[in-house]
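Q: First the structure, then my questions, so here it is.
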Amino acid sequence: MRRCFVILLGLLLVTGAAVAPAAANHEIVIGMQCDRTGATQTVGVNLCPGYHDYIKLVNSKGGVNGHKIKAFEIDHEYKVPQGMESYERHKKEGAVLIGIYGTPHTYALTQKLTEDRIPGTSPGFGSAAAADGQRYPYIFPIAATYWSQGAAAVKFAKDQLGGLKGKKIAYLFYDNPAGREPLPVLEDLAEKEGFQLKTFAVPPPGVEMGAQALDIAQRYRADFVIAHLFGRSPSVSIKELKRVGYPLKKVVSFVWGAAEADIEAAGGFATAEGYNAMQFAGVGSDYPVLNEIREMYKKEGQQPPKEMASTVYYNRGVLQAAIHAEAIRNALKAHPDGKITGEDVKKGFEQIDKFSLGGLVPPLKITATDHEGGGLVQIYTVKGGKFVKTTEWYNAYTDVVAKHIHEASAKK
Amino acid sequence: MIHRECGVLKTTYEADMALYPLPIARWAVAAIAVFFFLVLPLSVHEYYLSLVNLISIAVVGALGLNILVGYTGQISIGHGAFMSVGAYTAANFAVRLGAPFWVALPLGGLMAALVGAVVGIPSLRIKGLYLAIATLAGQLIIEWTINHVSWISGGVQASIEVPRPRLGSYVIGSQRQMYFFLLVFVVLAIVGTLNLMRSRVGRAFIAIRDQDIAAEIIGIDIFRYKLLAFAISSFYAGVTGVLYTYYLGIANYEQFQINVSIDYLAMIIIGGLGSVLGSIFGAIFVTVLPIAIRYAMEAFGDVFFSSAAVLNIIPNLRLILFGGLIIFFLVVEPEGLNRLWRNIRSYFRVWPFAY
């Protein structure tokens with residue numbers, strides 16, 4: 001009987017000991033949406049591994065302030081019902097932060113996230129008006145929105161042409177809401193800078209652009225082209241503009257227009273020589289954090305994953321994960337026991353300041369009112385078989401962008 | 001659903017047309033109602049209710065499409081667009097005029113019915129694949145219009161945020177509250193369809209499906225009933241769009257694109273054309289199967305692959321399995337899950353004597 005009691009006590013102690021450290025190292029769950037199979041799968045197959053690799057790196061160093069991070073990925077095939085299901089699943093698993101993927105999903109989740117007080121990030125998609133942290137307290141674009149990108153594109157054209165007065169700018173865009181979103185900002189800037197703006201819509205699925213390219217090059221004779229295309233269409237635009245003899249160095253694309261795969265599909269880096277594209281994460285493999293990831297794989301005796309070669313999207317995954325980890329780190333300052341809620345992470349995001357990850361991330365400053373973090377981009381140019389950095393991080397016409405954000409939130 | 005009779009003993013037309021052919025059917029329906037209104041919502045986690053909610057929305061849409069495709073024999077690839085018509089109508093009424101949901105919802109349905117009837121006009125002259133292409137054109141035209149007319153879509157974003165539905169001062173926000181909200185409409189849709197199909201109108205639809213020339217000869221006004229089928233079916237689609245809009249809190253054009261029309265067609269073909277239960281089975285199948293496969297892969301994936309590879313394999317294998325299972329079920333029973341269910345039922349009805 002006494003022996004039984006001792007064994008029982010021993011068992012209790014053992015289970016107690018097993019439970020105790022788990023409580024001290026509270027695992028933090030991030031709900032991560034991904035699209036590896038749907039309409040935008042070319043992005044997802046490289047972005048999501050980048051995300052996981054950075055989280056793995058953080059965990060291999062003992063986690064954030066001693067707390068491991070679990071990135072719970074769900075593939076929603078870019079479909080809204082499955083995106084809703086994945087959000088509810090993430091909530092059930094106790095996620096304190098959602099990495100949303102996809103513009104319709106950002107729209108669909110905006111109200112839910114606010115009600116449930118869980119912050120969600122939408123880098124490079126979603127609504128530009130969400131930069132207003134007062135109006136959308138739980139949505140964090142954390143990267144340049146289409147409005148900021150439009151402003152930055154005009155600034156780039158201005159620098160390249162040496163002034164915009166009386167110049168002709170063509171805006172070549174994918175004809176959907178995301179494609180039309182920058183239009184109000186571009187129209188304002190056309191008035192302000194005195195240039196002529198003409199729009200060239202590409203109807204979905206965006207693989208037919210011969211007429212538009214010819215129009216831009218021969219009839220309109222544009223001095224500069226701002227392109228905002230998705231999916232297969234950026235590579236088609238490079239091909240078509242090349243075919244009609246338009247100089248690619250007078251083209252600047254938004255952030256979804258220049259991954260390695262797009263350039264390859266357009267006929268390789270030699271064909272696309274001179275093509276400019278905006279990026280909200282650094283491009284190339286020459287960053288300290290990427291070296292650390294390679295080191296980590298080497299230590300495990302493995303090759304670095306092949307996705308690392310597609311640096312545009314892989315690096316965006318790393319950027320997203322790094323900003324998430326940073327927000328959690330800030331949140332943990334107030335709660336060292338690791339028991340943080342969505343509200344704490346929201347405050348964590350709003351404390352991010354001058355976080356740059358060795359140049360891969362722009363020097364973001366996110367505040368309670370500005371959830372975009374400054375709207376910074378870099379321009380990369382295709383030169384000699386690779387992407388070469390043409391400008392440092394910059395933003396432009398912030399007053400015009402701010403005016404539109406202000407108008408959008410005043411409307412409701 | 002789960003009952004048996006011994007012999008056909010009906011002596012009046014009323015008995016033959018009754019919704020509940022036997023008293024036990026009445027009890028079964030009552031038990032199902034108790035289960036869905038009390039047991040299920042009070043016993044499971046909100047996450048599972050959110051799944052049921054997605055199914056509920058799909059059930060209403062699938063029932064509507066089945067009225068048109070399964071019962072009347074006309075095809076439509078434009079139902080995604082009809083949903084968007086309902087969604088944007090309701091959203092505009094709710095935001096601009098502050099209409100409550102019980103005003104916005106029927107208005108959304110009626111507007112979709114009107115647009116659906118217009119898109120259905122070609123059905124008077126063409127059939128089958130030709131009609132499919134005509135409705136496809138309807139889908140594209142409606143999509144384009146909503147996308148480009150900012151008076152409808154509320155700006156270049158083509159999305160309108162709608163407030164949560166409320167009853168008096170009671171706001172329907174959480175998944176559990178939304179469950180009851182949606183369940184009411186599912187019940188209305190099911191009862192409505194069941195009754196429609198045993199009415200004069202429903203019989204006319206079925207007559208048109210079986211042989212439209214014969215139907216015309218026995219005095220059915222083809223023009224009227226075909227357009228009516230399009231209108232009723234689009235009304236359901238519009239209501240689905242409104243429910244979806246209230247569920248998400250936003251009307252957004254990307255939620256009603258052509259692939260949605262295809263998904264709903266898939267639901268009724270897998271479930272069974274021309275049956276209410278089939279629409280429900282199809283909606284459940286298409287909504288839950290990808291999720292169920294993912295759970296299975298999460299549980300067993302690590303046994304076969306490394307964890308990094310699993311993340312890449314799960315979604316791809318899921319697509320393959322999803323397609324494979326659809327083919328499997330259609331090969332096993334081309335008339336859909338409803339027929340499969342009836343086969344199982346009739347097997348046990350005579351069990352253990354297989355004659």
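By convention here, the chains of the structure tokens are called A, B, ... in the order presented, each chain's residues are numbered starting at 1, and ligands are numbered starting at 1 in the order presented.
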With 10 Å as the limit and counting only C-alpha atoms, what residues in chain B lie close to chain A? Please list them as JSON, numbers by chain.

A: {"B": [45, 46, 47, 48, 49, 50, 51, 53, 54, 55, 58, 95, 144, 147, 148, 155, 156, 157, 158, 159, 160, 161, 162, 163, 164, 173, 174, 175, 244, 245, 247, 248, 249, 250, 251, 252, 253, 254, 255, 256, 259, 260, 287, 288, 290, 291, 294, 308, 309, 311, 312, 313, 314, 315, 316, 317, 318, 319]}

Q: If we count only C-alpha atoms, what is near B:Ile284 at a cut-off of 12 Å, once residues fewer than 5 positions away on the same chain are taken out, given as an MDAnalysis selection string?

A: chainID B and resid 51:60 62 264 266:268 270:271 277:279 289:292 337

Q: From a backbone DSSP assignment, name each residue in stretch 156-386 of chain A labelled strand (DSSP E or B), as an NGL selection string.

A: :A and (168-174 or 196-202 or 224-228 or 251-253 or 276-279 or 353-355 or 364-365 or 370 or 377-383 or 386)

Q: Could you tell me how far atom CA of B:Ile327 sits from atom CA of B:Leu129, in Å to one decimal place?

A: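 We find that atom CA of B:Leu129 and atom CA of B:Ile327 lie 21.5 Å from each other.
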
Q: Counting only C-alpha atoms, which residue out of B:Ile133, B:Val119, B:Val186, B:Val286 sits closest to B:Gly323?

A: B:Val286

Q: Where does stretch 41-92 of chain A meet stretch 321-335 of chain A within 9 Å, residue by residue, with the nearest atom pair and distance in Å to one decimal for each, counting only C-alpha atoms, listed by chain and rising number, as CSV?

A:
residue,atom,partner,partner_atom,distance
A:Gly50,CA,A:Ala321,CA,8.1
A:Tyr51,CA,A:Ala321,CA,5.2
A:His52,CA,A:Ala321,CA,7.7
A:Asp53,CA,A:Ala321,CA,8.8
A:Tyr54,CA,A:Ala321,CA,6.2
A:Ile55,CA,A:Ala321,CA,6.5
A:Val58,CA,A:Ala325,CA,8.2
A:Val64,CA,A:Arg329,CA,6.0
A:Asn65,CA,A:Arg329,CA,7.0
A:Ile69,CA,A:Ala325,CA,8.3

Q: Grab the residues selected above and save them as an mmCIF file, in the first residue's frame with C-alpha atoms.

A:
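So the final result, stored in result-v8.cif, reads:
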data_model
loop_
_atom_site.group_PDB
_atom_site.id
_atom_site.type_symbol
_atom_site.label_atom_id
_atom_site.label_comp_id
_atom_site.auth_asym_id
_atom_site.auth_seq_id
_atom_site.Cartn_x
_atom_site.Cartn_y
_atom_site.Cartn_z
ATOM 1 C CA GLY A 50 10.996 31.598 -46.637
ATOM 2 C CA TYR A 51 8.587 32.227 -43.799
ATOM 3 C CA HIS A 52 9.138 28.816 -42.242
ATOM 4 C CA ASP A 53 12.906 29.018 -42.585
ATOM 5 C CA TYR A 54 13.077 32.255 -40.652
ATOM 6 C CA ILE A 55 10.816 30.885 -37.896
ATOM 7 C CA VAL A 58 14.469 31.866 -34.552
ATOM 8 C CA VAL A 64 11.795 34.705 -29.011
ATOM 9 C CA ASN A 65 12.843 35.504 -25.419
ATOM 10 C CA ILE A 69 7.076 30.030 -32.214
#

Q: Per DSSP on the backbone, filter stretch 35-277 of chain A down to the residues in helix (DSSP H, G or I) and report them as a PyMOL selection string.

A: chain A and resi 41-60+80-92+103-116+128-131+146-161+177-180+183-193+210-219+233-243+248-250+260-265

Q: Using only C-alpha atoms for the distances, tell me which of A:Glu273, A:Glu343, A:Asp132, A:Glu307 is nearest to A:Ser285.

A: A:Glu307

Q: Hey, can you check how far atom CA of A:His404 sits from atom CA of A:Asn315?

A: 29.6 Å

Q: Of the candidates B:Ile262, B:Ala204, B:Leu97, B:Ala81, which shows the shortest atom-to-atom distance to B:Leu140, using only C-alpha atoms?

A: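 When distances to B:Leu140 are compared using only C-alpha atoms, the smallest one comes from B:Ala81.
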
Q: Please provide the set of residues having any atom within 8 Å of A:His67, restricted to only C-alpha atoms, with same-chain residues fewer than 4 positions apart removed, written as a ChimeraX atom specification.

A: /A:25-28,62-63,338

Q: Give me, as a list in words, all polymer residues having an atom no more than 12 Å from B:Ile222, counting only C-alpha atoms and skipping those fewer than 2 positions away in the same chain.

A: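 Once the adjacent positions are removed, what remains is Thr72, Ile121, Ser123, Leu124, Arg125, Val201, Ala204, Phe205, Ile206, Ala207, Ile208, Arg209, Gln211, Asp212, Ile213, Ala214, Ala215, Glu216, Ile217, Ile218, Gly219, Ile220, Arg224, Tyr225, Lys226, Leu227, Leu228 and Ala229 of chain B.
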
Q: Which polymer residues have any atom within 6 Å of an atom of A:Gly133, counting only C-alpha atoms, with same-chain residues fewer than 5 positions away left out, as an MDAnalysis selection string?

A: chainID A and resid 368:371

Q: Excluding stretch 349-354 of chain A and residues on its chain fewer than 2 positions from it, collect all residues at most 7 Å away from it, counting only C-alpha atoms, and give them as an NGL selection string.

A: :A and (327 or 330 or 345-347 or 356 or 363-368)

Q: Since we have the selection now, will you write its residues out, keeping N, CA and C atoms, as a PDB file, in the first residue's frame?

A:
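Result written to result_21.pdb:
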ATOM      1  N   ALA A 327       7.266  41.797 -33.722  1.00  0.00           N
ATOM      2  CA  ALA A 327       6.064  42.231 -33.005  1.00  0.00           C
ATOM      3  C   ALA A 327       5.860  41.377 -31.757  1.00  0.00           C
ATOM      4  N   ASN A 330       8.288  42.409 -29.082  1.00  0.00           N
ATOM      5  CA  ASN A 330       7.825  43.610 -28.376  1.00  0.00           C
ATOM      6  C   ASN A 330       6.694  43.278 -27.413  1.00  0.00           C
ATOM      7  N   VAL A 345       0.024  41.678 -29.172  1.00  0.00           N
ATOM      8  CA  VAL A 345       0.795  41.637 -30.412  1.00  0.00           C
ATOM      9  C   VAL A 345       0.511  42.881 -31.250  1.00  0.00           C
ATOM     10  N   LYS A 346      -0.734  43.322 -31.236  1.00  0.00           N
ATOM     11  CA  LYS A 346      -1.066  44.568 -31.948  1.00  0.00           C
ATOM     12  C   LYS A 346      -0.206  45.709 -31.423  1.00  0.00           C
ATOM     13  N   LYS A 347      -0.117  45.815 -30.079  1.00  0.00           N
ATOM     14  CA  LYS A 347       0.722  46.868 -29.506  1.00  0.00           C
ATOM     15  C   LYS A 347       2.180  46.629 -29.874  1.00  0.00           C
ATOM     16  N   SER A 356      15.482  46.684 -39.410  1.00  0.00           N
ATOM     17  CA  SER A 356      15.885  46.567 -40.813  1.00  0.00           C
ATOM     18  C   SER A 356      16.460  45.216 -41.206  1.00  0.00           C
ATOM     19  N   PRO A 363      13.659  50.251 -43.289  1.00  0.00           N
ATOM     20  CA  PRO A 363      13.607  50.757 -41.904  1.00  0.00           C
ATOM     21  C   PRO A 363      12.196  51.187 -41.531  1.00  0.00           C
ATOM     22  N   LEU A 364      11.400  50.203 -41.091  1.00  0.00           N
ATOM     23  CA  LEU A 364       9.979  50.438 -40.826  1.00  0.00           C
ATOM     24  C   LEU A 364       9.774  51.221 -39.544  1.00  0.00           C
ATOM     25  N   LYS A 365       8.769  52.038 -39.556  1.00  0.00           N
ATOM     26  CA  LYS A 365       8.316  52.640 -38.308  1.00  0.00           C
ATOM     27  C   LYS A 365       6.799  52.558 -38.299  1.00  0.00           C
ATOM     28  N   ILE A 366       6.275  51.576 -37.538  1.00  0.00           N
ATOM     29  CA  ILE A 366       4.833  51.380 -37.470  1.00  0.00           C
ATOM     30  C   ILE A 366       4.326  52.059 -36.202  1.00  0.00           C
ATOM     31  N   THR A 367       3.266  52.826 -36.331  1.00  0.00           N
ATOM     32  CA  THR A 367       2.691  53.491 -35.163  1.00  0.00           C
ATOM     33  C   THR A 367       1.211  53.156 -35.074  1.00  0.00           C
ATOM     34  N   ALA A 368       0.567  53.638 -34.027  1.00  0.00           N
ATOM     35  CA  ALA A 368      -0.861  53.346 -33.838  1.00  0.00           C
ATOM     36  C   ALA A 368      -1.699  53.942 -34.955  1.00  0.00           C
TER      37      ALA A 368
END
